[in-house]
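The block underneath contains the structure these notes are about, expressed in structure tokens.
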Amino acid sequence: MKRFFIFSFLILFCGGSLVYGQSNLDSLKQVIMSADDDTSKVWKMHDLARKYMMVSTDSMMVALEEALELSRKLKFVKGEIASLHRLSQRYQYKGNQEKQKQLNIEALQLAKEHDVKSWLGQVYNGLGNIYYYELKYDSAFLAYTEAERAFKAIGKNYMTWETNLFMYRLFSAQNDNSKAEGHIQIAYELTKERGNRMDYGWVLAERLKFYLSNDMLEKYSGASEEYLQFIQGRKGALQSNRFHSSLFQFGNMDPDEIIRQVEDIIPFHKNANNNFSLIETYAYLGDTKRKNGDYPGAIEAYQNALTYTLATESNAGPEAKLYKLIQDTHEENNNIAEAFPYLKKYHQTMDSLNSVEVQKNMDELEVKFETAKKDEELAQSELALAKSAQARVLFSVLAVAGIILALVAFWFLYFKSRTNRTLAAQKTVIEKALSEKEILLKEIHHRVKNNLQVISSLLNWQSKYIEDNKALESMQEGRNRVQSMALIHQNLYQSENLTGIAVSDYIDKLGTSLFNSYNIKQDQVKFKSEVEPMTLDVDTLIPLGLILNELLSNSLKHAFPENREGQINVSLQKQEENLLLEVKDDGVGMAEHTTEKLKGSFGHKLIEAFAQKLKAQLQIDSSHGTTVRLLIQDFKAI
């Protein structure tokens, strides 16, 4: 193992958190240049290098080299050692062992010469790694021993966790499992006590690998459950394949042998009631059998995983994922009828998850609403009492005109302030109620979109059993019409504006969907849209979208026979108080008898019906290709 898998673990636990945008890095550079003293600039250059780690290795090394150059210029020994050590690590990952060793030895000499104990342990660890990769195990052990001694000498016992991890690796390479387990256990106890996510997670992953590779399955089962509960972040989250790569490290082993070993692990999970591990293990077994072509076995494994989701305190997320895996497996095995019930369960479970989230928000809103309502009632009561007190005060001080004027002014300002606060509280209540309605409206659009998607899937599956070309074509056209409406509801629940849709974005998505549906290659027929920026309400866009769906479908089906190349243009512009929609292609055009035939078709009748709804004038020109124009009078822009 040339490189320890620190980078895989960085990606697993840090994800995108270290990936900075260019603007963030530029800002950090400005902070470096504005640092109060030059030694601070050295450490900020190291910070910049860490930010570059997931963005650009070359930029990272440039930052460290600049830090090294500045440290030498300032004769800042600690900064020089740190820069040499970290540059040495970078050269290790670039595969330049000679440069790595040179920089590490230079850092070690400086640390010894100037007695910089704070960096001595890390530099010795680096030297031990160099010897390890050179297979000089005795020298590596001595270097690690010096590193451990250096950390303990300055009271940094925790830092020895990494040294012990390296020693575990060293003894594993020599097949001395007893010593290897002792060192990994020390690293485990140190990191578990502090709970640092990066350190503890790395050690947990290494323990898993050690127990699995040495057939210590009972210990592996316990380590698996601990690792799962640590990494998940929320209970019951079915993990991805990159997680499986840490939990099930079988390398390039034969799939049948992997299946046998995984099945050997399962009884240990059952004996210990390790339910999270059982869910993940059965899911991984299903994935492996599915890749191996054993579809019935894969489905059985996924169903076993499902039974253990009920025994865990988890949400319905893993259950939904397992339904989707079973559906996909049935489809791969061409069992469409068996797949559909699991698709339905998947959508029902996802809807349930969404409903739970909405209900949670609703409950929070209700509590806040009731609190605001009580505050308002209390304010009104206080206001009434204050008015009564005001009347008594005014009545009792009529003899003193100056005092009366002062009190009137005081109480006027006081109650004006109280009234303003009351109005502000009422405004907050109204805004909360509007937010509640917005959440419900988004949920409605989301459910409508899901239902339309299910209808589309049903039409797609049904078409697989139709052999008549005309019926198949009609089925495809129906599916496209459903998709055009689903796009509208998808845009609505994803948008901040729940009453209208940006037309340009919708037309581009509709064009892409239809080109994919009819398998039109981009280099054969080009699609160009010129749409004036506008937002239309749903009642306008649904008939407009269905008309556009029919016009684009006609062009794609009839305008470019025998793989003829061409272009379709869609234009939507405002003309005074009207909208002008124009769909134009440079295809073969339509003869007179063809035009008459199309006018009697269902699609043309659909266009005429919706054109009438929009009070639109319809014109068709077939002199050069085909151009269809609709001048729309009845529309609502937002």
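Just remember, in the structure tokens the first chain shown is A, the second B, etc., residues are 1-based per chain, and ligands are 1-based in the order shown.
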Who sits within 10 Å of stretch 562-565 of chain A, only C-alpha atoms, same chain under 2 positions skipped, as a PDB file with C-alpha atoms, in the first residue's frame:
ATOM      1  CA  ILE A 520     -32.969  13.478 -32.049  1.00  0.00           C
ATOM      2  CA  LYS A 521     -29.209  14.038 -32.140  1.00  0.00           C
ATOM      3  CA  GLN A 522     -27.978  17.572 -31.391  1.00  0.00           C
ATOM      4  CA  ASP A 523     -25.781  17.642 -34.486  1.00  0.00           C
ATOM      5  CA  GLN A 524     -28.767  16.692 -36.688  1.00  0.00           C
ATOM      6  CA  VAL A 525     -31.447  19.181 -35.622  1.00  0.00           C
ATOM      7  CA  LYS A 526     -30.565  22.310 -33.645  1.00  0.00           C
ATOM      8  CA  ALA A 559     -40.013  17.995 -40.836  1.00  0.00           C
ATOM      9  CA  PHE A 560     -36.713  16.106 -41.033  1.00  0.00           C
ATOM     10  CA  GLN A 567     -33.109  23.806 -37.166  1.00  0.00           C
ATOM     11  CA  ASP A 586     -36.563  24.706 -42.103  1.00  0.00           C
ATOM     12  CA  GLY A 587     -37.687  21.158 -42.875  1.00  0.00           C
ATOM     13  CA  VAL A 588     -39.468  19.690 -45.912  1.00  0.00           C
TER      14      VAL A 588
END
Can you pull out the residues contacting A:Arg86? Cut-off 12 Å, using only C-alpha atoms, and skip same-chain residues under 2 positions away; I want them as a short mmCIF file (atom, residue, chain, number, x, y, z; two decimals) with all heavy atoms, in the first residue's frame.
data_model
loop_
_atom_site.label_atom_id
_atom_site.label_comp_id
_atom_site.auth_asym_id
_atom_site.auth_seq_id
_atom_site.Cartn_x
_atom_site.Cartn_y
_atom_site.Cartn_z
N MET A 45 -0.05 31.72 5.12
CA MET A 45 0.27 31.02 3.87
C MET A 45 0.01 29.52 4.02
O MET A 45 -0.44 28.86 3.09
CB MET A 45 1.74 31.27 3.48
CG MET A 45 2.05 32.68 3.00
SD MET A 45 1.09 33.18 1.56
CE MET A 45 1.69 32.05 0.33
N HIS A 46 0.26 29.00 5.22
CA HIS A 46 -0.06 27.58 5.49
C HIS A 46 -1.58 27.36 5.46
O HIS A 46 -2.05 26.33 4.96
CB HIS A 46 0.51 27.17 6.85
CG HIS A 46 1.97 26.84 6.81
ND1 HIS A 46 2.46 25.56 6.91
CD2 HIS A 46 3.07 27.63 6.65
CE1 HIS A 46 3.78 25.56 6.84
NE2 HIS A 46 4.18 26.83 6.68
N ASP A 47 -2.32 28.32 6.02
CA ASP A 47 -3.79 28.22 5.95
C ASP A 47 -4.26 28.20 4.50
O ASP A 47 -5.13 27.41 4.12
CB ASP A 47 -4.44 29.40 6.68
CG ASP A 47 -4.26 29.32 8.18
OD1 ASP A 47 -4.02 28.19 8.69
OD2 ASP A 47 -4.37 30.36 8.85
N ALA A 49 -2.58 27.19 1.93
CA ALA A 49 -2.20 25.89 1.35
C ALA A 49 -3.25 24.82 1.69
O ALA A 49 -3.60 24.00 0.84
CB ALA A 49 -0.82 25.47 1.85
N ARG A 50 -3.75 24.85 2.93
CA ARG A 50 -4.77 23.87 3.31
C ARG A 50 -6.05 24.08 2.51
O ARG A 50 -6.72 23.12 2.13
CB ARG A 50 -5.06 23.96 4.81
CG ARG A 50 -4.06 23.21 5.67
CD ARG A 50 -4.57 23.08 7.10
NE ARG A 50 -4.56 24.35 7.79
CZ ARG A 50 -3.52 24.83 8.47
NH1 ARG A 50 -2.40 24.13 8.53
NH2 ARG A 50 -3.59 25.99 9.08
N MET A 53 -5.84 22.49 -0.83
CA MET A 53 -5.59 21.05 -0.86
C MET A 53 -6.57 20.32 -1.76
O MET A 53 -6.21 19.40 -2.49
CB MET A 53 -5.65 20.48 0.57
CG MET A 53 -5.35 18.98 0.63
SD MET A 53 -4.97 18.42 2.29
CE MET A 53 -6.48 18.79 3.13
N MET A 60 -1.22 24.65 -4.01
CA MET A 60 -0.91 24.36 -2.62
C MET A 60 0.60 24.38 -2.38
O MET A 60 1.09 24.96 -1.41
CB MET A 60 -1.50 23.00 -2.25
CG MET A 60 -1.21 22.56 -0.83
SD MET A 60 -1.86 20.90 -0.55
CE MET A 60 -1.46 20.69 1.18
N MET A 61 1.34 23.73 -3.29
CA MET A 61 2.79 23.67 -3.13
C MET A 61 3.44 25.04 -3.32
O MET A 61 4.41 25.38 -2.64
CB MET A 61 3.37 22.65 -4.11
CG MET A 61 2.91 21.22 -3.81
SD MET A 61 3.76 19.96 -4.74
CE MET A 61 5.38 19.99 -4.00
N VAL A 62 2.88 25.85 -4.22
CA VAL A 62 3.40 27.21 -4.40
C VAL A 62 3.24 28.00 -3.10
O VAL A 62 4.16 28.72 -2.68
CB VAL A 62 2.67 27.92 -5.57
CG1 VAL A 62 2.98 29.41 -5.57
CG2 VAL A 62 3.07 27.30 -6.90
N ALA A 63 2.08 27.87 -2.44
CA ALA A 63 1.84 28.57 -1.18
C ALA A 63 2.84 28.14 -0.11
O ALA A 63 3.38 28.97 0.62
CB ALA A 63 0.41 28.32 -0.71
N LEU A 64 3.12 26.83 -0.02
CA LEU A 64 4.09 26.33 0.97
C LEU A 64 5.51 26.78 0.64
O LEU A 64 6.29 27.11 1.54
CB LEU A 64 4.02 24.81 1.04
CG LEU A 64 2.75 24.21 1.68
CD1 LEU A 64 2.74 22.70 1.53
CD2 LEU A 64 2.65 24.59 3.15
N GLU A 65 5.85 26.80 -0.65
CA GLU A 65 7.19 27.27 -1.04
C GLU A 65 7.37 28.75 -0.73
O GLU A 65 8.46 29.19 -0.31
CB GLU A 65 7.41 27.00 -2.53
CG GLU A 65 7.66 25.51 -2.82
CD GLU A 65 7.56 25.17 -4.30
OE1 GLU A 65 7.19 26.06 -5.09
OE2 GLU A 65 7.85 24.01 -4.66
N ALA A 67 5.85 30.29 1.73
CA ALA A 67 5.98 30.33 3.19
C ALA A 67 7.41 29.97 3.60
O ALA A 67 7.97 30.59 4.52
CB ALA A 67 4.98 29.36 3.83
N LEU A 68 8.00 28.96 2.93
CA LEU A 68 9.38 28.56 3.22
C LEU A 68 10.36 29.69 2.91
O LEU A 68 11.25 30.00 3.71
CB LEU A 68 9.73 27.31 2.41
CG LEU A 68 11.16 26.79 2.54
CD1 LEU A 68 11.48 26.42 3.99
CD2 LEU A 68 11.37 25.58 1.63
N GLY A 79 8.76 28.43 11.49
CA GLY A 79 8.04 28.48 10.21
C GLY A 79 8.76 27.71 9.12
O GLY A 79 8.13 27.07 8.27
N GLU A 80 10.11 27.75 9.16
CA GLU A 80 10.90 27.03 8.16
C GLU A 80 10.72 25.52 8.33
O GLU A 80 10.53 24.78 7.34
CB GLU A 80 12.37 27.42 8.28
CG GLU A 80 13.25 26.83 7.18
CD GLU A 80 14.69 27.28 7.28
OE1 GLU A 80 15.02 28.12 8.18
OE2 GLU A 80 15.52 26.79 6.47
N ILE A 81 10.75 25.04 9.58
CA ILE A 81 10.57 23.60 9.83
C ILE A 81 9.18 23.15 9.38
O ILE A 81 9.03 22.12 8.71
CB ILE A 81 10.76 23.30 11.34
CG1 ILE A 81 12.21 23.57 11.76
CG2 ILE A 81 10.39 21.85 11.65
CD1 ILE A 81 12.43 23.55 13.26
N ALA A 82 8.16 23.92 9.75
CA ALA A 82 6.79 23.56 9.37
C ALA A 82 6.64 23.52 7.85
O ALA A 82 6.01 22.60 7.31
CB ALA A 82 5.81 24.57 9.97
N SER A 83 7.23 24.50 7.15
CA SER A 83 7.11 24.54 5.68
C SER A 83 7.84 23.37 5.04
O SER A 83 7.32 22.74 4.11
CB SER A 83 7.67 25.87 5.15
OG SER A 83 7.00 26.97 5.72
N LEU A 84 9.04 23.04 5.56
CA LEU A 84 9.79 21.89 5.02
C LEU A 84 9.02 20.59 5.24
O LEU A 84 8.92 19.74 4.35
CB LEU A 84 11.16 21.81 5.70
CG LEU A 84 12.20 22.85 5.28
CD1 LEU A 84 13.38 22.85 6.24
CD2 LEU A 84 12.69 22.57 3.85
N SER A 88 7.44 18.27 2.36
CA SER A 88 7.89 16.88 2.27
C SER A 88 6.69 15.94 2.10
O SER A 88 6.70 15.02 1.27
CB SER A 88 8.66 16.50 3.53
OG SER A 88 8.94 15.12 3.56
N GLN A 89 5.62 16.20 2.85
CA GLN A 89 4.40 15.38 2.73
C GLN A 89 3.81 15.49 1.32
O GLN A 89 3.35 14.51 0.74
CB GLN A 89 3.37 15.83 3.76
CG GLN A 89 3.74 15.48 5.19
CD GLN A 89 2.67 15.94 6.16
OE1 GLN A 89 2.17 17.06 6.08
NE2 GLN A 89 2.32 15.07 7.10
N ARG A 90 3.81 16.70 0.77
CA ARG A 90 3.25 16.88 -0.58
C ARG A 90 4.05 16.09 -1.62
O ARG A 90 3.49 15.50 -2.54
CB ARG A 90 3.25 18.36 -0.97
CG ARG A 90 2.32 19.27 -0.20
CD ARG A 90 0.92 18.72 -0.14
NE ARG A 90 0.63 18.12 1.16
CZ ARG A 90 -0.29 17.23 1.37
NH1 ARG A 90 -1.02 16.77 0.39
NH2 ARG A 90 -0.48 16.76 2.57
N TYR A 91 5.38 16.10 -1.47
CA TYR A 91 6.21 15.34 -2.42
C TYR A 91 5.98 13.84 -2.27
O TYR A 91 6.13 13.08 -3.23
CB TYR A 91 7.69 15.69 -2.24
CG TYR A 91 8.08 16.97 -2.95
CD1 TYR A 91 8.37 18.13 -2.25
CD2 TYR A 91 8.14 17.01 -4.35
CE1 TYR A 91 8.72 19.30 -2.90
CE2 TYR A 91 8.49 18.18 -5.01
CZ TYR A 91 8.78 19.32 -4.28
OH TYR A 91 9.10 20.47 -4.94
N GLN A 92 5.61 13.40 -1.07
CA GLN A 92 5.27 11.98 -0.88
C GLN A 92 4.07 11.62 -1.76
O GLN A 92 4.08 10.60 -2.45
CB GLN A 92 4.93 11.72 0.59
CG GLN A 92 4.38 10.32 0.83
CD GLN A 92 3.85 10.14 2.25
OE1 GLN A 92 4.12 10.94 3.13
NE2 GLN A 92 3.08 9.09 2.46
N TYR A 93 3.03 12.46 -1.74
CA TYR A 93 1.83 12.15 -2.51
C TYR A 93 2.06 12.33 -4.01
O TYR A 93 1.33 11.76 -4.82
CB TYR A 93 0.66 13.02 -2.03
CG TYR A 93 0.29 12.72 -0.61
CD1 TYR A 93 0.34 13.71 0.37
CD2 TYR A 93 -0.05 11.43 -0.21
CE1 TYR A 93 0.02 13.43 1.68
CE2 TYR A 93 -0.37 11.14 1.10
CZ TYR A 93 -0.32 12.14 2.05
OH TYR A 93 -0.63 11.85 3.35
N GLN A 100 11.21 14.20 -1.08
CA GLN A 100 10.52 14.05 0.21
C GLN A 100 11.54 13.82 1.33
O GLN A 100 11.49 14.47 2.37
CB GLN A 100 9.54 12.89 0.14
CG GLN A 100 8.88 12.55 1.47
CD GLN A 100 8.22 11.17 1.47
OE1 GLN A 100 8.24 10.47 0.46
NE2 GLN A 100 7.66 10.77 2.59
N LYS A 101 12.45 12.90 1.08
CA LYS A 101 13.45 12.55 2.11
C LYS A 101 14.39 13.72 2.39
O LYS A 101 14.72 14.01 3.54
CB LYS A 101 14.23 11.31 1.66
CG LYS A 101 15.09 10.68 2.75
CD LYS A 101 15.63 9.35 2.27
CE LYS A 101 16.38 8.63 3.39
NZ LYS A 101 16.86 7.30 2.95
N LEU A 103 13.86 16.99 2.10
CA LEU A 103 13.20 18.05 2.87
C LEU A 103 12.95 17.62 4.31
O LEU A 103 13.10 18.42 5.24
CB LEU A 103 11.88 18.42 2.20
CG LEU A 103 11.96 19.07 0.82
CD1 LEU A 103 10.58 19.24 0.21
CD2 LEU A 103 12.67 20.42 0.90
N ASN A 104 12.59 16.34 4.52
CA ASN A 104 12.31 15.86 5.87
C ASN A 104 13.57 15.85 6.73
O ASN A 104 13.54 16.26 7.90
CB ASN A 104 11.68 14.47 5.80
CG ASN A 104 11.08 14.05 7.13
OD1 ASN A 104 11.77 13.53 8.00
ND2 ASN A 104 9.79 14.28 7.29
N ALA A 107 14.41 19.36 7.72
CA ALA A 107 13.54 19.81 8.80
C ALA A 107 13.98 19.21 10.14
O ALA A 107 13.97 19.89 11.18
CB ALA A 107 12.09 19.43 8.50
N TRP A 119 7.76 20.69 16.96
CA TRP A 119 7.64 20.07 15.63
C TRP A 119 8.43 18.77 15.51
O TRP A 119 8.35 18.09 14.48
CB TRP A 119 8.10 21.05 14.55
CG TRP A 119 7.02 22.02 14.19
CD1 TRP A 119 6.76 23.22 14.76
CD2 TRP A 119 6.00 21.80 13.22
NE1 TRP A 119 5.65 23.80 14.21
CE2 TRP A 119 5.16 22.95 13.25
CE3 TRP A 119 5.69 20.78 12.34
CZ2 TRP A 119 4.05 23.08 12.42
CZ3 TRP A 119 4.60 20.92 11.51
CH2 TRP A 119 3.78 22.06 11.55
N GLN A 122 6.31 15.48 14.84
CA GLN A 122 5.74 15.37 13.50
C GLN A 122 6.81 15.07 12.46
O GLN A 122 6.58 14.29 11.52
CB GLN A 122 5.01 16.68 13.14
CG GLN A 122 3.81 16.95 14.02
CD GLN A 122 3.05 18.19 13.60
OE1 GLN A 122 2.64 18.30 12.45
NE2 GLN A 122 2.87 19.12 14.52
N VAL A 123 7.98 15.67 12.63
CA VAL A 123 9.07 15.42 11.67
C VAL A 123 9.54 13.97 11.78
O VAL A 123 9.81 13.31 10.75
CB VAL A 123 10.23 16.41 11.90
CG1 VAL A 123 11.40 16.07 10.98
CG2 VAL A 123 9.76 17.84 11.64
N ASN A 125 7.70 11.44 12.69
CA ASN A 125 6.65 10.65 12.02
C ASN A 125 6.86 10.62 10.51
O ASN A 125 6.73 9.58 9.86
CB ASN A 125 5.26 11.24 12.33
CG ASN A 125 4.63 10.61 13.55
OD1 ASN A 125 5.04 9.55 14.02
ND2 ASN A 125 3.62 11.28 14.10
N GLY A 126 7.20 11.80 9.96
CA GLY A 126 7.46 11.88 8.52
C GLY A 126 8.64 11.01 8.11
O GLY A 126 8.59 10.32 7.08
#
At a cut-off of 12 Å, using only C-alpha atoms, what residues contact stretch 257-265 of chain A? Leave out same-chain residues fewer than 6 positions from it and give the result as number ranges by chain. A: 211-213, 215-222, 224, 247-251, 271-272, 274, 277-278, 280-292, 294, 297-298, 301
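The shell of residues at most 12 Å from A:Lys179, with only C-alpha atoms counted and near chain neighbours (fewer than 3 positions) removed, consists of Asn164, Leu165, Phe166, Met167, Tyr168, Arg169, Leu170, Phe171, Ser172, Ala173, Gln174, Asn175, Asp176, Gly182, His183, Ile184, Gln185 and Ile186 of chain A.
Considering only C-alpha atoms, the residue among A:Ser555, A:Thr39, A:Ser504, A:Asn549 positioned nearest to A:Met534 is A:Ser504.
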When you look at A:Asn129 with a cut-off of 9 Å (counting only C-alpha atoms), what residues show up, excluding the ones that are within fewer than 2 positions of it in the same chain? I need them as a CSV table (one decimal) with N, CA, C and O atoms, in the first residue's frame.
chain,number,residue,atom,x,y,z
A,124,TYR,N,9.6,13.4,13.0
A,124,TYR,CA,10.0,12.0,13.2
A,124,TYR,C,9.0,11.1,12.5
A,124,TYR,O,9.3,10.1,12.0
A,125,ASN,N,7.7,11.4,12.7
A,125,ASN,CA,6.6,10.6,12.0
A,125,ASN,C,6.9,10.6,10.5
A,125,ASN,O,6.7,9.6,9.9
A,126,GLY,N,7.2,11.8,10.0
A,126,GLY,CA,7.5,11.9,8.5
A,126,GLY,C,8.6,11.0,8.1
A,126,GLY,O,8.6,10.3,7.1
A,127,LEU,N,9.7,11.0,8.9
A,127,LEU,CA,10.9,10.2,8.6
A,127,LEU,C,10.5,8.7,8.7
A,127,LEU,O,11.0,7.9,7.9
A,131,TYR,N,11.0,5.7,5.7
A,131,TYR,CA,11.6,4.4,5.9
A,131,TYR,C,10.6,3.3,5.7
A,131,TYR,O,10.9,2.2,5.1
A,132,TYR,N,9.3,3.5,6.1
A,132,TYR,CA,8.3,2.5,5.8
A,132,TYR,C,8.1,2.2,4.4
A,132,TYR,O,8.1,1.0,3.9
A,133,TYR,N,8.1,3.2,3.5
A,133,TYR,CA,7.9,3.0,2.1
A,133,TYR,C,9.1,2.5,1.5
A,133,TYR,O,9.1,1.8,0.4
A,134,GLU,N,10.3,2.7,2.1
A,134,GLU,CA,11.5,2.1,1.6
A,134,GLU,C,11.7,0.6,2.1
A,134,GLU,O,12.7,0.0,1.9
A,140,ALA,N,12.2,2.5,10.5
A,140,ALA,CA,10.9,3.2,10.7
A,140,ALA,C,10.4,3.1,12.1
A,140,ALA,O,9.9,4.0,12.7
A,143,ALA,N,12.2,5.6,14.3
A,143,ALA,CA,11.7,6.9,14.0
A,143,ALA,C,10.4,7.2,14.7
A,143,ALA,O,10.2,8.2,15.4
A,144,TYR,N,9.5,6.2,14.6
A,144,TYR,CA,8.2,6.3,15.3
A,144,TYR,C,8.3,6.4,16.8
A,144,TYR,O,7.6,7.1,17.5
A,166,PHE,N,0.5,4.6,12.7
A,166,PHE,CA,1.6,4.3,11.8
A,166,PHE,C,2.3,3.0,12.3
A,166,PHE,O,2.7,2.1,11.4
Residues of stretch 453-557 of chain A classed as helix (DSSP H, G or I) by DSSP on the backbone are to be reported as number ranges by chain. A: 453-463, 469-494, 503-517, 538-557
